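Printed here is start32.cif (mmCIF, N, CA and C atoms):
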```cif
data_work
#
loop_
_atom_site.label_atom_id
_atom_site.label_comp_id
_atom_site.auth_asym_id
_atom_site.auth_seq_id
_atom_site.Cartn_x
_atom_site.Cartn_y
_atom_site.Cartn_z
N MET A 1 3.10 9.24 -5.15
CA MET A 1 2.18 8.14 -5.12
C MET A 1 1.85 7.82 -3.66
N CYS A 2 0.60 7.57 -3.38
CA CYS A 2 0.15 7.24 -2.03
C CYS A 2 -0.17 5.75 -1.97
N ILE A 3 0.47 5.05 -1.06
CA ILE A 3 0.26 3.61 -0.95
C ILE A 3 0.00 3.26 0.50
N ALA A 4 -1.10 2.57 0.75
CA ALA A 4 -1.39 2.06 2.09
C ALA A 4 -0.71 0.70 2.24
N ILE A 5 -0.22 0.44 3.43
CA ILE A 5 0.52 -0.78 3.73
C ILE A 5 -0.35 -1.71 4.57
N PRO A 6 -0.47 -2.99 4.21
CA PRO A 6 -1.19 -3.92 5.07
C PRO A 6 -0.36 -4.22 6.31
N MET A 7 -0.97 -4.07 7.47
CA MET A 7 -0.27 -4.32 8.72
C MET A 7 -1.22 -5.06 9.67
N GLN A 8 -0.63 -5.97 10.45
CA GLN A 8 -1.42 -6.79 11.36
C GLN A 8 -1.32 -6.24 12.78
N VAL A 9 -2.47 -6.19 13.45
CA VAL A 9 -2.54 -5.66 14.81
C VAL A 9 -1.85 -6.63 15.77
N ILE A 10 -0.92 -6.09 16.58
CA ILE A 10 -0.26 -6.92 17.58
C ILE A 10 -0.65 -6.52 19.01
N ARG A 11 -1.10 -5.28 19.18
CA ARG A 11 -1.53 -4.81 20.49
C ARG A 11 -2.46 -3.62 20.30
N VAL A 12 -3.44 -3.50 21.19
CA VAL A 12 -4.43 -2.42 21.08
C VAL A 12 -4.35 -1.52 22.31
N GLU A 13 -4.46 -0.21 22.07
CA GLU A 13 -4.57 0.81 23.11
C GLU A 13 -5.82 1.63 22.78
N PRO A 14 -6.40 2.35 23.71
CA PRO A 14 -7.57 3.16 23.38
C PRO A 14 -7.27 4.13 22.23
N GLY A 15 -7.98 3.96 21.14
CA GLY A 15 -7.84 4.84 19.98
C GLY A 15 -6.63 4.55 19.10
N HIS A 16 -5.83 3.57 19.46
CA HIS A 16 -4.62 3.26 18.71
C HIS A 16 -4.37 1.75 18.69
N ALA A 17 -3.50 1.35 17.79
CA ALA A 17 -3.06 -0.04 17.75
C ALA A 17 -1.60 -0.08 17.36
N TRP A 18 -0.89 -1.05 17.90
CA TRP A 18 0.47 -1.34 17.46
C TRP A 18 0.33 -2.39 16.38
N VAL A 19 0.94 -2.12 15.23
CA VAL A 19 0.80 -3.00 14.07
C VAL A 19 2.17 -3.37 13.52
N ALA A 20 2.22 -4.50 12.84
CA ALA A 20 3.47 -4.95 12.23
C ALA A 20 3.20 -5.33 10.79
N GLY A 21 4.15 -5.00 9.93
CA GLY A 21 4.03 -5.37 8.53
C GLY A 21 5.20 -4.85 7.73
N ARG A 22 5.63 -5.65 6.75
CA ARG A 22 6.70 -5.30 5.84
C ARG A 22 7.97 -4.85 6.57
N GLY A 23 8.27 -5.56 7.68
CA GLY A 23 9.49 -5.29 8.41
C GLY A 23 9.44 -4.10 9.34
N ASP A 24 8.26 -3.59 9.61
CA ASP A 24 8.12 -2.39 10.42
C ASP A 24 7.08 -2.62 11.51
N VAL A 25 7.27 -1.99 12.66
CA VAL A 25 6.27 -1.97 13.74
C VAL A 25 6.02 -0.51 14.06
N ARG A 26 4.73 -0.16 14.17
CA ARG A 26 4.41 1.23 14.48
C ARG A 26 3.07 1.34 15.20
N ARG A 27 2.85 2.49 15.81
CA ARG A 27 1.60 2.80 16.50
C ARG A 27 0.75 3.64 15.55
N VAL A 28 -0.49 3.20 15.32
CA VAL A 28 -1.36 3.92 14.38
C VAL A 28 -2.67 4.32 15.05
N ASP A 29 -3.25 5.37 14.53
CA ASP A 29 -4.56 5.86 14.97
C ASP A 29 -5.63 4.95 14.37
N THR A 30 -6.63 4.57 15.16
CA THR A 30 -7.68 3.67 14.67
C THR A 30 -9.06 4.34 14.60
N ALA A 31 -9.10 5.67 14.68
CA ALA A 31 -10.38 6.39 14.70
C ALA A 31 -11.24 6.09 13.47
N LEU A 32 -10.63 5.86 12.32
CA LEU A 32 -11.41 5.64 11.09
C LEU A 32 -11.94 4.22 10.95
N VAL A 33 -11.40 3.28 11.71
CA VAL A 33 -11.80 1.87 11.54
C VAL A 33 -12.42 1.26 12.79
N GLY A 34 -12.48 2.01 13.87
CA GLY A 34 -13.01 1.44 15.11
C GLY A 34 -11.95 0.63 15.84
N GLU A 35 -12.34 0.01 16.92
CA GLU A 35 -11.40 -0.72 17.77
C GLU A 35 -11.09 -2.09 17.17
N PRO A 36 -9.86 -2.31 16.70
CA PRO A 36 -9.49 -3.62 16.15
C PRO A 36 -9.11 -4.60 17.27
N GLN A 37 -8.90 -5.83 16.89
CA GLN A 37 -8.45 -6.88 17.80
C GLN A 37 -7.08 -7.37 17.35
N PRO A 38 -6.25 -7.85 18.28
CA PRO A 38 -4.99 -8.45 17.86
C PRO A 38 -5.23 -9.54 16.80
N GLY A 39 -4.43 -9.51 15.75
CA GLY A 39 -4.60 -10.45 14.64
C GLY A 39 -5.33 -9.85 13.46
N ASP A 40 -6.11 -8.77 13.68
CA ASP A 40 -6.81 -8.11 12.58
C ASP A 40 -5.80 -7.49 11.61
N TRP A 41 -6.21 -7.36 10.36
CA TRP A 41 -5.39 -6.71 9.33
C TRP A 41 -5.98 -5.35 9.01
N LEU A 42 -5.10 -4.35 8.86
CA LEU A 42 -5.50 -2.99 8.54
C LEU A 42 -4.65 -2.47 7.40
N LEU A 43 -5.23 -1.61 6.56
CA LEU A 43 -4.44 -0.86 5.59
C LEU A 43 -4.06 0.45 6.27
N VAL A 44 -2.75 0.73 6.33
CA VAL A 44 -2.23 1.87 7.08
C VAL A 44 -1.58 2.85 6.11
N PHE A 45 -1.92 4.13 6.27
CA PHE A 45 -1.34 5.21 5.49
C PHE A 45 -1.19 6.42 6.39
N LEU A 46 0.00 7.00 6.40
CA LEU A 46 0.29 8.19 7.22
C LEU A 46 -0.09 7.98 8.69
N GLU A 47 0.36 6.86 9.24
CA GLU A 47 0.17 6.52 10.66
C GLU A 47 -1.29 6.43 11.08
N THR A 48 -2.18 6.19 10.12
CA THR A 48 -3.60 6.03 10.39
C THR A 48 -4.13 4.78 9.70
N ALA A 49 -4.87 3.96 10.44
CA ALA A 49 -5.53 2.80 9.84
C ALA A 49 -6.69 3.34 9.01
N ARG A 50 -6.67 3.05 7.72
CA ARG A 50 -7.69 3.58 6.80
C ARG A 50 -8.81 2.60 6.49
N GLU A 51 -8.50 1.29 6.61
CA GLU A 51 -9.48 0.27 6.21
C GLU A 51 -9.14 -1.05 6.89
N ARG A 52 -10.18 -1.80 7.26
CA ARG A 52 -10.00 -3.17 7.75
C ARG A 52 -10.00 -4.08 6.52
N ILE A 53 -9.09 -5.05 6.50
CA ILE A 53 -9.04 -6.00 5.40
C ILE A 53 -8.87 -7.40 5.98
N ASP A 54 -9.05 -8.41 5.14
CA ASP A 54 -8.81 -9.78 5.61
C ASP A 54 -7.42 -10.22 5.19
N ALA A 55 -7.02 -11.40 5.66
CA ALA A 55 -5.67 -11.90 5.40
C ALA A 55 -5.42 -12.12 3.91
N VAL A 56 -6.45 -12.53 3.17
CA VAL A 56 -6.30 -12.75 1.72
C VAL A 56 -5.98 -11.43 1.03
N ARG A 57 -6.71 -10.39 1.36
CA ARG A 57 -6.47 -9.08 0.76
C ARG A 57 -5.08 -8.55 1.16
N ALA A 58 -4.67 -8.78 2.40
CA ALA A 58 -3.34 -8.35 2.85
C ALA A 58 -2.27 -9.05 2.01
N THR A 59 -2.45 -10.33 1.73
CA THR A 59 -1.50 -11.07 0.91
C THR A 59 -1.47 -10.52 -0.51
N GLU A 60 -2.63 -10.19 -1.07
CA GLU A 60 -2.69 -9.62 -2.42
C GLU A 60 -1.95 -8.28 -2.48
N VAL A 61 -2.22 -7.41 -1.52
CA VAL A 61 -1.58 -6.09 -1.51
C VAL A 61 -0.07 -6.24 -1.31
N ASN A 62 0.34 -7.12 -0.40
CA ASN A 62 1.77 -7.33 -0.19
C ASN A 62 2.44 -7.87 -1.44
N GLY A 63 1.77 -8.76 -2.17
CA GLY A 63 2.33 -9.28 -3.42
C GLY A 63 2.52 -8.17 -4.44
N LEU A 64 1.54 -7.31 -4.55
CA LEU A 64 1.64 -6.18 -5.47
C LEU A 64 2.76 -5.22 -5.05
N LEU A 65 2.87 -4.97 -3.75
CA LEU A 65 3.95 -4.10 -3.26
C LEU A 65 5.32 -4.73 -3.52
N ASP A 66 5.40 -6.07 -3.41
CA ASP A 66 6.66 -6.75 -3.73
C ASP A 66 7.03 -6.55 -5.20
N LEU A 67 6.02 -6.64 -6.09
CA LEU A 67 6.27 -6.41 -7.52
C LEU A 67 6.75 -4.98 -7.77
N LEU A 68 6.10 -4.01 -7.14
CA LEU A 68 6.50 -2.61 -7.29
C LEU A 68 7.91 -2.37 -6.76
N GLU A 69 8.19 -2.93 -5.59
CA GLU A 69 9.51 -2.77 -5.00
C GLU A 69 10.59 -3.37 -5.91
N GLY A 70 10.29 -4.55 -6.46
CA GLY A 70 11.23 -5.17 -7.39
C GLY A 70 11.44 -4.33 -8.64
N ALA A 71 10.36 -3.78 -9.17
CA ALA A 71 10.47 -2.95 -10.37
C ALA A 71 11.31 -1.70 -10.09
N LEU A 72 11.11 -1.11 -8.93
CA LEU A 72 11.89 0.09 -8.57
C LEU A 72 13.37 -0.25 -8.37
N ASP A 73 13.65 -1.49 -7.98
CA ASP A 73 15.03 -1.95 -7.82
C ASP A 73 15.63 -2.47 -9.12
N GLY A 74 14.85 -2.39 -10.21
CA GLY A 74 15.33 -2.83 -11.51
C GLY A 74 15.21 -4.32 -11.77
N GLN A 75 14.47 -5.02 -10.93
CA GLN A 75 14.28 -6.46 -11.12
C GLN A 75 13.09 -6.69 -12.04
N ALA A 76 13.25 -7.63 -12.94
CA ALA A 76 12.15 -8.00 -13.82
C ALA A 76 11.25 -8.99 -13.07
N ALA A 77 9.96 -8.79 -13.17
CA ALA A 77 9.00 -9.72 -12.56
C ALA A 77 8.97 -11.00 -13.36
N PRO A 78 8.74 -12.14 -12.70
CA PRO A 78 8.64 -13.41 -13.43
C PRO A 78 7.31 -13.47 -14.19
N LEU A 79 7.30 -12.96 -15.40
CA LEU A 79 6.07 -12.89 -16.19
C LEU A 79 5.97 -14.06 -17.15
N HIS A 80 4.74 -14.37 -17.49
CA HIS A 80 4.47 -15.43 -18.45
C HIS A 80 3.75 -14.82 -19.64
N ALA A 81 4.35 -14.91 -20.79
CA ALA A 81 3.75 -14.43 -22.04
C ALA A 81 3.29 -12.98 -21.93
N GLY A 82 4.11 -12.13 -21.28
CA GLY A 82 3.79 -10.71 -21.21
C GLY A 82 2.72 -10.35 -20.20
N GLU A 83 2.29 -11.30 -19.36
CA GLU A 83 1.28 -11.00 -18.35
C GLU A 83 1.90 -10.17 -17.23
N PRO A 84 1.13 -9.30 -16.58
CA PRO A 84 1.68 -8.41 -15.55
C PRO A 84 2.00 -9.09 -14.22
N GLY A 85 1.57 -10.32 -13.99
CA GLY A 85 1.83 -10.99 -12.73
C GLY A 85 0.69 -10.85 -11.73
N PHE A 86 -0.37 -10.14 -12.14
CA PHE A 86 -1.57 -10.00 -11.33
C PHE A 86 -2.71 -9.68 -12.28
N VAL A 87 -3.94 -9.81 -11.81
CA VAL A 87 -5.10 -9.55 -12.66
C VAL A 87 -5.35 -8.04 -12.72
N LEU A 88 -5.35 -7.52 -13.93
CA LEU A 88 -5.64 -6.10 -14.12
C LEU A 88 -7.11 -5.83 -13.86
N PRO A 89 -7.46 -4.66 -13.31
CA PRO A 89 -8.87 -4.35 -13.08
C PRO A 89 -9.72 -4.48 -14.34
N SER A 90 -9.16 -4.17 -15.49
CA SER A 90 -9.93 -4.26 -16.74
C SER A 90 -10.25 -5.71 -17.12
N ARG A 91 -9.53 -6.67 -16.52
CA ARG A 91 -9.78 -8.08 -16.82
C ARG A 91 -10.43 -8.82 -15.66
N THR A 92 -10.81 -8.07 -14.63
CA THR A 92 -11.43 -8.67 -13.45
C THR A 92 -12.93 -8.78 -13.68
N ASP A 93 -13.50 -9.88 -13.21
CA ASP A 93 -14.94 -10.07 -13.27
C ASP A 93 -15.63 -8.87 -12.61
N PRO A 94 -16.68 -8.29 -13.24
CA PRO A 94 -17.33 -7.10 -12.67
C PRO A 94 -17.81 -7.28 -11.23
N ALA A 95 -18.34 -8.45 -10.90
CA ALA A 95 -18.82 -8.68 -9.53
C ALA A 95 -17.66 -8.69 -8.54
N ALA A 96 -16.53 -9.31 -8.93
CA ALA A 96 -15.35 -9.35 -8.05
C ALA A 96 -14.77 -7.95 -7.88
N LEU A 97 -14.74 -7.17 -8.96
CA LEU A 97 -14.22 -5.81 -8.88
C LEU A 97 -15.13 -4.95 -8.00
N ALA A 98 -16.44 -5.14 -8.12
CA ALA A 98 -17.38 -4.40 -7.28
C ALA A 98 -17.18 -4.75 -5.81
N ALA A 99 -16.97 -6.03 -5.52
CA ALA A 99 -16.74 -6.45 -4.14
C ALA A 99 -15.45 -5.86 -3.60
N LEU A 100 -14.44 -5.79 -4.45
CA LEU A 100 -13.14 -5.25 -4.05
C LEU A 100 -13.22 -3.75 -3.77
N THR A 101 -13.98 -3.02 -4.59
CA THR A 101 -14.06 -1.56 -4.44
C THR A 101 -15.20 -1.10 -3.55
N GLY A 102 -16.14 -2.01 -3.26
CA GLY A 102 -17.29 -1.63 -2.45
C GLY A 102 -18.35 -0.88 -3.22
N ARG A 103 -18.27 -0.92 -4.55
CA ARG A 103 -19.25 -0.24 -5.41
C ARG A 103 -20.07 -1.26 -6.17
N ALA A 104 -21.25 -0.84 -6.57
CA ALA A 104 -22.10 -1.71 -7.39
C ALA A 104 -21.47 -1.88 -8.77
N PRO A 105 -21.61 -3.06 -9.38
CA PRO A 105 -21.03 -3.26 -10.72
C PRO A 105 -21.66 -2.33 -11.72
N ASN A 106 -20.86 -1.82 -12.66
CA ASN A 106 -21.37 -0.97 -13.72
C ASN A 106 -22.14 -1.83 -14.71
N ARG A 107 -23.25 -1.35 -15.12
CA ARG A 107 -24.05 -2.03 -16.13
C ARG A 107 -23.76 -1.37 -17.48
N VAL A 108 -23.35 -2.15 -18.44
CA VAL A 108 -23.06 -1.62 -19.77
C VAL A 108 -24.20 -2.01 -20.69
N ASN A 109 -24.79 -1.02 -21.32
CA ASN A 109 -25.87 -1.27 -22.27
C ASN A 109 -25.26 -1.50 -23.64
N THR A 110 -25.45 -2.69 -24.19
CA THR A 110 -24.86 -3.04 -25.48
C THR A 110 -25.85 -2.94 -26.62
N THR A 111 -27.03 -2.37 -26.38
CA THR A 111 -28.00 -2.26 -27.47
C THR A 111 -27.96 -0.90 -28.10
#
```

Encoding of this model in structure tokens:
Amino acid sequence: MCIAIPMQVIRVEPGHAWVAGRGDVRRVDTALVGEPQPGDWLLVFLETARERIDAVRATEVNGLLDLLEGALDGQAAPLHAGEPGFVLPSRTDPAALAALTGRAPNRVNTT
């Protein structure tokens, strides 16, 4: 499974940034996202910043990673009435899902 980690920029170097997140500090390549600023949030995978995100999205991804980490450790998530603890893509408003994925909403013809 491939998972990008949200990390916050703490220092910038030409073509790279030092980032911190989930208890780790590392130097990542920024060629795919351009020159970030300290305080910016990036999704990092394989020592490369893959996407710029905002603090809200970083919190959402970290929450999901916390749930996954807990599940892998055998901890049950605090669920209510069988809910997964987050909104499933199938139950997300089409406009919100489109904004999240960067794609236009799918139009379903019901006639």

Please expand the PyMOL selection byres ((chain A and resi 22) around 6.5) into the concrete residues it hits in this file, giving the result as a PyMOL selection string.
chain A and resi 6-7+20-21+23-24

Can you tell me, as a ChimeraX atom specification, what residues are no more than 6 Å from region 31-45 of chain A when counting only N, CA and C atoms, ignoring any on the same chain fewer than 5 positions away?
/A:3-12,15,50-54

Would you list the contacts of Arg26 (chain A) as a PDB file with N, CA and C atoms, in the frame of the given file, taking every protein, DNA or RNA residue within 9 Å and counting only C-alpha atoms, but skipping same-chain residues closer than 6 positions in sequence?
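Heads up, here's the output in result11.pdb:
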```pdb
ATOM      1  N   ALA A  17      -3.500   1.350  17.790  1.00  0.00           N
ATOM      2  CA  ALA A  17      -3.060  -0.040  17.750  1.00  0.00           C
ATOM      3  C   ALA A  17      -1.600  -0.080  17.360  1.00  0.00           C
ATOM      4  N   TRP A  18      -0.890  -1.050  17.900  1.00  0.00           N
ATOM      5  CA  TRP A  18       0.470  -1.340  17.460  1.00  0.00           C
ATOM      6  C   TRP A  18       0.330  -2.390  16.380  1.00  0.00           C
ATOM      7  N   VAL A  19       0.940  -2.120  15.230  1.00  0.00           N
ATOM      8  CA  VAL A  19       0.800  -3.000  14.070  1.00  0.00           C
ATOM      9  C   VAL A  19       2.170  -3.370  13.520  1.00  0.00           C
ATOM     10  N   ALA A  20       2.220  -4.500  12.840  1.00  0.00           N
ATOM     11  CA  ALA A  20       3.470  -4.950  12.230  1.00  0.00           C
ATOM     12  C   ALA A  20       3.200  -5.330  10.790  1.00  0.00           C
ATOM     13  N   GLU A  47       0.360   6.860   9.240  1.00  0.00           N
ATOM     14  CA  GLU A  47       0.170   6.520  10.660  1.00  0.00           C
ATOM     15  C   GLU A  47      -1.290   6.430  11.080  1.00  0.00           C
TER      16      GLU A  47
END
```

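Atom C of Val28 (chain A) is positioned 9.0 Å from CA of Glu13 (chain A).
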
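Shortest separation to Thr48 (chain A) among A:Ala96, A:Val25, A:Thr30, A:Cys2 occurs at residue A:Thr30, atoms counted being only N, CA and C atoms.
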
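The two atoms in question, CA of Leu65 (chain A) and CA of Ala99 (chain A), are spaced 20.8 Å apart.
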
Calculated over only N, CA and C atoms, which of the candidates A:Asp29, A:Asp93, A:Gly74, A:Pro14 has the smallest distance to Ala49 (chain A)?
A:Asp29
